[in-house]
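S.K.: coords33.txt is reproduced in full below (compact mmCIF, C-alpha atoms).
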# COMPACT_ATOMS: atom_id res chain seq x y z
CA MET A 1 60.55 51.31 56.60
CA ALA A 2 57.53 53.53 56.09
CA THR A 3 56.98 56.69 58.08
CA LYS A 4 53.85 56.30 60.15
CA VAL A 5 51.39 59.09 60.69
CA VAL A 6 51.08 60.07 64.33
CA ASP A 7 47.76 61.14 65.83
CA PRO A 8 48.04 64.92 66.53
CA ASP A 9 46.28 64.40 69.88
CA ARG A 10 49.14 62.20 71.05
CA VAL A 11 51.62 64.93 70.10
CA GLU A 12 49.54 67.51 72.00
CA SER A 13 49.29 65.42 75.14
CA LEU A 14 53.03 64.58 75.06
CA TYR A 15 53.77 68.28 74.60
CA ARG A 16 51.65 69.25 77.61
CA ARG A 17 53.17 66.52 79.79
CA LEU A 18 56.81 67.25 78.86
CA LYS A 19 56.34 71.01 79.20
CA LYS A 20 54.92 70.57 82.68
CA GLU A 21 57.66 68.12 83.69
CA ALA A 22 60.41 70.30 82.20
CA GLU A 23 59.23 73.47 83.88
CA GLY A 24 58.70 71.61 87.14
CA SER A 25 62.35 70.58 87.28
CA GLY A 26 64.21 73.60 85.95
CA TYR A 27 64.26 72.71 82.24
CA HIS A 28 62.61 74.47 79.28
CA LEU A 29 61.19 73.24 75.98
CA ASN A 30 61.99 75.20 72.80
CA PRO A 31 59.51 78.13 72.61
CA ASP A 32 59.12 77.56 68.83
CA THR A 33 56.11 75.30 69.36
CA ASP A 34 55.83 74.18 65.70
CA PHE A 35 59.47 73.05 65.73
CA THR A 36 59.04 71.42 69.15
CA LYS A 37 55.86 69.54 68.24
CA LEU A 38 57.48 68.18 65.07
CA LEU A 39 60.31 66.84 67.24
CA LEU A 40 57.78 65.27 69.62
CA MET A 41 55.98 63.69 66.68
CA SER A 42 59.37 62.27 65.63
CA LEU A 43 59.94 60.93 69.14
CA LEU A 44 56.59 59.12 68.97
CA ILE A 45 57.52 57.74 65.53
CA ASN A 46 60.83 56.47 66.93
CA GLU A 47 59.09 54.95 69.94
CA GLU A 48 56.87 52.94 67.59
CA ARG A 49 59.69 52.13 65.20
CA TYR A 50 62.32 51.02 67.74
CA GLY A 51 60.36 50.42 70.93
CA TYR A 52 62.09 53.33 72.67
CA ALA A 53 62.13 57.11 72.16
CA ALA A 54 65.50 57.45 70.40
CA CYS A 55 66.78 60.97 69.70
CA PRO A 56 65.16 62.21 66.46
CA CYS A 57 68.37 63.95 65.33
CA ARG A 58 70.65 60.94 65.57
CA LEU A 59 70.63 57.66 63.68
CA ALA A 60 69.46 54.94 66.07
CA SER A 61 70.89 51.45 65.58
CA GLY A 62 67.64 49.76 66.57
CA ARG A 63 69.55 47.84 69.30
CA LYS A 64 68.44 49.33 72.60
CA ALA A 65 71.65 48.41 74.46
CA ASP A 66 73.67 50.44 71.91
CA ASP A 67 71.22 53.37 71.96
CA LEU A 68 70.64 53.81 75.71
CA ASP A 69 72.70 57.03 75.69
CA ILE A 70 70.45 58.62 73.05
CA ILE A 71 67.03 57.80 74.50
CA CYS A 72 65.43 61.22 75.02
CA PRO A 73 66.40 63.00 77.26
CA CYS A 74 69.87 61.85 76.17
CA ASP A 75 73.05 61.53 78.27
CA TYR A 76 74.40 64.65 76.55
CA ARG A 77 71.49 67.06 77.16
CA ASP A 78 72.67 68.71 80.35
CA ALA A 79 76.28 69.17 79.23
CA ASP A 80 75.00 70.71 75.97
CA LEU A 81 72.53 72.94 77.84
CA ALA A 82 75.40 74.17 80.05
CA GLU A 83 77.82 74.76 77.16
CA TYR A 84 75.55 75.81 74.26
CA GLY A 85 72.16 76.63 75.77
CA SER A 86 70.33 73.81 74.00
CA CYS A 87 70.37 70.06 73.52
CA TYR A 88 71.50 68.58 70.19
CA CYS A 89 67.95 68.68 68.73
CA ALA A 90 67.06 72.00 70.42
CA LEU A 91 64.08 70.32 72.07
CA TYR A 92 65.42 71.44 75.46
CA VAL A 93 66.81 74.97 75.68
CA SER A 94 68.21 77.41 78.26
CA ALA A 95 66.04 79.99 80.08
CA GLU A 96 67.65 82.64 77.83
CA ILE A 97 66.37 80.92 74.68
CA ALA A 98 63.02 79.98 76.27
CA GLU A 99 62.42 83.65 77.07
CA GLY A 100 63.30 84.73 73.52
CA ARG A 101 66.49 86.61 74.47
CA LYS A 102 68.56 84.32 72.25
CA GLN A 103 67.84 82.09 69.24
CA ALA A 104 68.39 78.34 69.27
CA ALA A 105 71.14 77.34 66.84
CA PRO A 106 72.64 74.00 65.77
CA ILE A 107 75.42 72.72 68.03
CA PRO A 108 78.24 70.19 67.53
CA GLU A 109 77.67 66.48 68.21
CA ARG A 110 78.89 65.52 71.70
CA ARG A 111 78.12 61.80 71.40
CA PRO A 112 81.42 59.97 70.74
CA PRO A 113 81.64 58.00 67.47
CA GLU A 114 80.72 54.30 67.62
CA GLU A 115 84.31 53.00 67.92
CA LYS A 116 85.02 55.27 70.93
CA ARG A 117 81.73 54.33 72.63
CA ARG A 118 82.67 50.64 72.37
CA LYS A 119 86.12 51.30 73.87
CA ALA A 120 84.70 53.37 76.74
CA GLY A 121 82.26 50.55 77.57
CA ALA A 122 85.07 47.99 77.59
CA THR A 123 87.30 49.97 79.96
CA ALA A 124 84.69 50.98 82.57
CA GLY A 125 86.15 51.07 86.10
CA GLY A 126 85.29 48.86 89.07
CA PHE A 127 83.08 49.57 92.05
CA PRO A 128 83.50 51.54 94.22
CA PRO A 129 85.41 53.87 91.88
CA THR A 130 88.90 54.88 93.01
CA VAL A 131 88.71 58.05 90.93
CA LEU A 132 85.50 60.03 90.46
CA SER A 133 84.58 60.41 86.79
CA TYR A 134 82.52 63.52 87.70
CA PRO A 135 82.62 66.06 90.52
CA VAL A 136 79.71 65.85 92.96
CA TRP A 137 77.71 69.04 93.59
CA ARG A 138 75.48 69.69 96.61
CA CYS A 139 72.52 72.05 96.77
CA LYS A 140 73.06 73.99 99.99
CA VAL A 141 69.33 74.62 100.25
CA CYS A 142 67.95 71.08 100.15
CA GLY A 143 70.98 68.76 100.06
CA TYR A 144 70.31 67.41 96.56
CA LEU A 145 73.48 65.77 95.19
CA CYS A 146 74.40 65.35 91.54
CA ALA A 147 77.52 64.04 89.80
CA ARG A 148 78.12 66.03 86.60
CA ASP A 149 80.57 68.57 85.18
CA ASP A 150 78.58 71.58 86.43
CA PRO A 151 75.62 72.01 88.79
CA PRO A 152 72.24 72.46 87.05
CA ASP A 153 70.91 76.00 86.44
CA THR A 154 68.04 75.27 88.82
CA CYS A 155 67.89 72.62 91.54
CA PRO A 156 65.31 70.09 90.25
CA ILE A 157 64.15 69.45 93.81
CA CYS A 158 63.86 72.84 95.52
CA LYS A 159 64.36 75.21 92.52
CA ALA A 160 67.33 77.02 94.12
CA LYS A 161 69.59 78.72 91.55
CA LYS A 162 72.96 77.37 90.34
CA GLU A 163 74.92 79.72 92.64
CA ARG A 164 73.49 77.91 95.68
CA PHE A 165 75.45 74.74 94.83
CA GLU A 166 78.81 73.83 96.38
CA ARG A 167 81.43 71.31 95.30
CA PHE A 168 80.86 68.33 97.63
CA LEU A 169 83.28 65.67 96.32
CA MET B 1 68.30 48.36 44.90
CA SER B 2 71.16 50.85 44.93
CA LEU B 3 71.55 53.87 47.17
CA GLU B 4 71.10 56.13 44.12
CA SER B 5 67.67 54.63 43.52
CA LYS B 6 66.65 55.69 47.04
CA MET B 7 67.60 59.34 46.45
CA THR B 8 64.75 61.80 46.02
CA HIS B 9 65.34 64.55 43.45
CA VAL B 10 64.06 68.02 44.26
CA ALA B 11 64.15 70.13 41.11
CA GLY B 12 65.35 73.73 41.36
CA ALA B 13 66.72 76.58 39.27
CA HIS B 14 70.19 76.63 40.91
CA LYS B 15 72.02 73.67 39.41
CA SER B 16 74.98 72.11 41.13
CA ASN B 17 75.56 68.63 42.47
CA LEU B 18 74.06 68.71 45.98
CA VAL B 19 73.46 65.50 47.92
CA LEU B 20 71.82 65.79 51.33
CA TYR B 21 72.05 62.92 53.81
CA ALA B 22 69.26 63.47 56.34
CA LEU B 23 67.01 61.85 58.90
CA SER B 24 63.24 61.95 58.38
CA THR B 25 62.77 62.74 62.09
CA CYS B 26 65.40 65.46 62.58
CA GLY B 27 64.40 69.12 63.06
CA TRP B 28 67.65 70.55 61.67
CA CYS B 29 67.39 68.26 58.62
CA ARG B 30 63.85 69.57 58.07
CA LYS B 31 65.14 73.14 58.22
CA THR B 32 67.92 72.29 55.75
CA LYS B 33 65.44 70.82 53.24
CA ALA B 34 63.18 73.87 53.64
CA LEU B 35 66.10 76.26 53.08
CA LEU B 36 67.29 74.42 49.94
CA GLN B 37 63.73 74.57 48.62
CA ASP B 38 63.44 78.31 49.46
CA LEU B 39 66.71 78.93 47.63
CA SER B 40 65.37 76.94 44.66
CA ALA B 41 68.40 74.69 44.80
CA ASP B 42 68.39 71.55 42.67
CA TYR B 43 69.32 68.69 45.00
CA HIS B 44 69.01 65.02 45.89
CA TYR B 45 68.34 63.76 49.38
CA VAL B 46 67.97 60.50 51.24
CA ASP B 47 66.52 59.93 54.73
CA VAL B 48 69.02 57.43 56.12
CA ASP B 49 66.77 56.32 59.02
CA LEU B 50 64.33 54.95 56.43
CA LEU B 51 66.99 52.79 54.75
CA GLU B 52 67.72 49.22 55.72
CA GLY B 53 70.49 46.69 55.21
CA ALA B 54 72.95 47.21 52.36
CA GLU B 55 71.46 50.56 51.37
CA ARG B 56 71.90 51.95 54.88
CA GLU B 57 75.49 50.64 54.98
CA ALA B 58 76.21 52.27 51.61
CA ALA B 59 74.81 55.59 52.84
CA LEU B 60 76.87 55.46 56.06
CA GLU B 61 80.04 54.68 54.08
CA ALA B 62 79.32 57.61 51.75
CA ILE B 63 78.74 59.99 54.70
CA LYS B 64 81.83 58.87 56.64
CA LYS B 65 84.05 59.87 53.72
CA TRP B 66 83.00 63.47 54.32
CA ASN B 67 81.92 63.48 57.94
CA PRO B 68 83.53 60.74 60.07
CA ALA B 69 81.16 61.54 62.98
CA CYS B 70 78.33 60.51 60.67
CA SER B 71 75.98 63.18 61.97
CA PHE B 72 72.99 64.75 60.22
CA PRO B 73 72.35 66.74 58.11
CA THR B 74 75.44 66.20 55.92
CA LEU B 75 75.33 68.12 52.64
CA VAL B 76 77.89 67.04 50.02
CA ILE B 77 78.64 69.71 47.42
CA ASN B 78 79.85 68.74 43.94
CA GLY B 79 81.49 65.64 45.39
CA ASN B 80 84.37 67.69 46.78
CA ARG B 81 83.35 69.20 50.12
CA CYS B 82 80.58 69.06 52.69
CA ILE B 83 78.64 71.17 55.17
CA VAL B 84 77.75 69.40 58.41
CA GLY B 85 74.72 70.68 60.31
CA PHE B 86 72.15 73.35 59.49
CA LYS B 87 74.61 76.18 58.74
CA GLY B 88 72.20 78.52 56.96
CA GLU B 89 74.70 81.14 55.76
CA GLU B 90 77.20 78.56 54.47
CA ILE B 91 74.43 76.71 52.63
CA LYS B 92 73.14 79.95 51.05
CA GLU B 93 76.63 80.83 49.82
CA ALA B 94 77.23 77.35 48.42
CA VAL B 95 73.95 77.43 46.50
CA ALA B 96 74.56 80.96 45.19
CA ARG B 97 78.11 80.10 44.04
CA GLY B 98 77.20 76.66 42.76
CA ASN B 99 80.15 75.13 44.60
Just dump the structure as structure tokens.

M.R.:
Amino acid sequence: MATKVVDPDRVESLYRRLKKEAEGSGYHLNPDTDFTKLLLMSLLINEERYGYAACPCRLASGRKADDLDIICPCDYRDADLAEYGSCYCALYVSAEIAEGRKQAAPIPERRPPEEKRRKAGATAGGFPPTVLSYPVWRCKVCGYLCARDDPPDTCPICKAKKERFERFL
Amino acid sequence: MSLESKMTHVAGAHKSNLVLYALSTCGWCRKTKALLQDLSADYHYVDVDLLEGAEREAALEAIKKWNPACSFPTLVINGNRCIVGFKGEEIKEAVARGN
């Protein structure tokens, strides 16, 4: 498998698009633009190599069904942002890191090992669920609902801060 | 082709047996390679995402012995311990001590 060279213009335009989308919904890209653009180049390489933008910092299997959880942004980004202030790759970071008040640092891997992922898939519950696998949070400003361990730092819809969320379910 | 034949040797003044399992696309792996180079460490590395078939399997088996989560970068030192992730200070110490 040879590493392809990616057109720098494609990296630039992806950078501009993701930065705009991130900032528009309460997320932040890593302010170290050289580091960030290398990650975006890697995402474009993975998109060509696998047909989907697999996380550059994890080994993709090449089977999309097995890699859905690590297509960027991955299933683990928001939990890692809440706990560590950055995603696994440090492509997405907290406001504190984006504003230069803290440095991005490597974080532990949250993705379960392959054997555990297979087991979790095999024992998925029925519908409707009798037990909620996540609490549901409600933005008191606009009514946005999300099911995750903690509310987001900023409401992606109305930009209200985390403290404006209430536990709904 | 064996896994060893896929390893790239980076020559350096500080000799010890360092084997870095990395991904060609990973930012932390890139930082680890740059640090080892800055420290003038003599090391071998392989980008596991560029391997296929039996070579990739062999690399994953080798990594799992040290790091069951099989995450990157994994740096194996003298075949007796490993550093998982870009832990700059730990890597500096290991290179300086040679173990």

S.K.: Report, in Å with one decimal, the straight-line distance from CA of Ser42 in chain A to CA of Pro152 in chain A.

M.R.: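 CA of Pro152 in chain A lies 27.0 Å from CA of Ser42 in chain A.
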
S.K.: Tell me, as a PyMOL selection string, which residues lie within 12 Å of Leu60 in chain B, counting all atoms listed in the file; anything in the same chain fewer than 4 positions away does not count.

M.R.: (chain A and resi 59+61) or (chain B and resi 3+21-22+46-49+51-56+64-72+74)

S.K.: My list of candidates is B:Leu20, B:His44, B:Asn78, B:Leu39. Which is closest to Glu93 in chain B when distances are computed with only C-alpha atoms?

M.R.: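 Residue with the minimum atom-to-atom distance to Glu93 in chain B: B:Leu39.
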
S.K.: Which residues come within 7 Å of Tyr76 in chain A, counting all atoms listed in the file, excluding same-chain residues fewer than 2 positions away, as a PyMOL selection string?

M.R.: chain A and resi 74+78-80+110-111

S.K.: Mind checking which residues fall within 8 Å of range 81-84 of chain A, counting only C-alpha atoms, ignoring those fewer than 6 positions away in the same chain, and posting them as a list of chain:residue names?

M.R.: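 So the residues in contact are A:Tyr92, A:Val93, A:Ser94, A:Ile107, A:Asp150, A:Pro152.
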
S.K.: For range 29-38 of chain B, work out the shell of residues within 10 Å, counting all atoms listed in the file and skipping chain neighbours fewer than 3 positions away, then give it as a PyMOL selection string.

M.R.: (chain A and resi 35+38+57) or (chain B and resi 10-12+14+18+20-26+41-43+45+47+72-75+85-88+91-92+95)

S.K.: Fewer than 2 positions away in the same chain doesn't count, so skip those; otherwise give me all residues within 9 Å of Cys139 in chain A, counting all atoms listed in the file, as a PyMOL selection string.

M.R.: chain A and resi 137+141-146+151+155+158+160-162+164-166

S.K.: Could you tell me how far CA of Arg63 in chain A lies from CA of Gly126 in chain A, in Å and to one decimal?

M.R.: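 Straight-line distance from CA of Arg63 in chain A to CA of Gly126 in chain A works out to 25.3 Å.
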
S.K.: So how far away is CA of Ala65 in chain A from CA of Arg117 in chain A, in Å?

M.R.: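 Pair CA of Arg117 in chain A / CA of Ala65 in chain A returns 11.8 Å.
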
S.K.: Find the nearest atom pair between each residue of chain A and chain B for residues within 9 Å, count all atoms listed in the file, give distances in Å to one decimal, sort rows by chain and ascending number, and present the table as JSON lines.

M.R.:
{"residue": "A:Met1", "atom": "CA", "partner": "B:Leu50", "partner_atom": "CA", "distance": 5.3}
{"residue": "A:Ala2", "atom": "CA", "partner": "B:Leu50", "partner_atom": "CA", "distance": 7.0}
{"residue": "A:Thr3", "atom": "CA", "partner": "B:Leu50", "partner_atom": "CA", "distance": 7.7}
{"residue": "A:Phe35", "atom": "CA", "partner": "B:Gly27", "partner_atom": "CA", "distance": 6.8}
{"residue": "A:Thr36", "atom": "CA", "partner": "B:Gly27", "partner_atom": "CA", "distance": 8.4}
{"residue": "A:Leu38", "atom": "CA", "partner": "B:Gly27", "partner_atom": "CA", "distance": 7.3}
{"residue": "A:Leu39", "atom": "CA", "partner": "B:Gly27", "partner_atom": "CA", "distance": 6.3}
{"residue": "A:Met41", "atom": "CA", "partner": "B:Thr25", "partner_atom": "CA", "distance": 8.3}
{"residue": "A:Ser42", "atom": "CA", "partner": "B:Thr25", "partner_atom": "CA", "distance": 4.9}
{"residue": "A:Leu43", "atom": "CA", "partner": "B:Thr25", "partner_atom": "CA", "distance": 7.8}
{"residue": "A:Ile45", "atom": "CA", "partner": "B:Thr25", "partner_atom": "CA", "distance": 8.0}
{"residue": "A:Asn46", "atom": "CA", "partner": "B:Thr25", "partner_atom": "CA", "distance": 8.2}
{"residue": "A:Cys55", "atom": "CA", "partner": "B:Cys26", "partner_atom": "CA", "distance": 8.5}
{"residue": "A:Pro56", "atom": "CA", "partner": "B:Thr25", "partner_atom": "CA", "distance": 5.0}
{"residue": "A:Cys57", "atom": "CA", "partner": "B:Cys26", "partner_atom": "CA", "distance": 4.3}
{"residue": "A:Arg58", "atom": "CA", "partner": "B:Ser71", "partner_atom": "CA", "distance": 6.8}
{"residue": "A:Leu59", "atom": "CA", "partner": "B:Asp49", "partner_atom": "CA", "distance": 6.2}
{"residue": "A:Ala60", "atom": "CA", "partner": "B:Asp49", "partner_atom": "CA", "distance": 7.7}
{"residue": "A:Cys89", "atom": "CA", "partner": "B:Gly27", "partner_atom": "CA", "distance": 6.7}
{"residue": "A:Ala90", "atom": "CA", "partner": "B:Gly27", "partner_atom": "CA", "distance": 8.3}
{"residue": "A:Ala105", "atom": "CA", "partner": "B:Phe86", "partner_atom": "CA", "distance": 8.4}
{"residue": "A:Pro106", "atom": "CA", "partner": "B:Phe86", "partner_atom": "CA", "distance": 6.3}
{"residue": "A:Ile107", "atom": "CA", "partner": "B:Gly85", "partner_atom": "CA", "distance": 8.0}
{"residue": "A:Pro108", "atom": "CA", "partner": "B:Gly85", "partner_atom": "CA", "distance": 8.0}
{"residue": "A:Glu109", "atom": "CA", "partner": "B:Ser71", "partner_atom": "CA", "distance": 7.3}
{"residue": "A:Arg111", "atom": "CA", "partner": "B:Ala69", "partner_atom": "CA", "distance": 9.0}
{"residue": "A:Pro112", "atom": "CA", "partner": "B:Ala69", "partner_atom": "CA", "distance": 7.9}
{"residue": "A:Pro113", "atom": "CA", "partner": "B:Ala69", "partner_atom": "CA", "distance": 5.7}
{"residue": "A:Glu114", "atom": "CA", "partner": "B:Ala69", "partner_atom": "CA", "distance": 8.6}
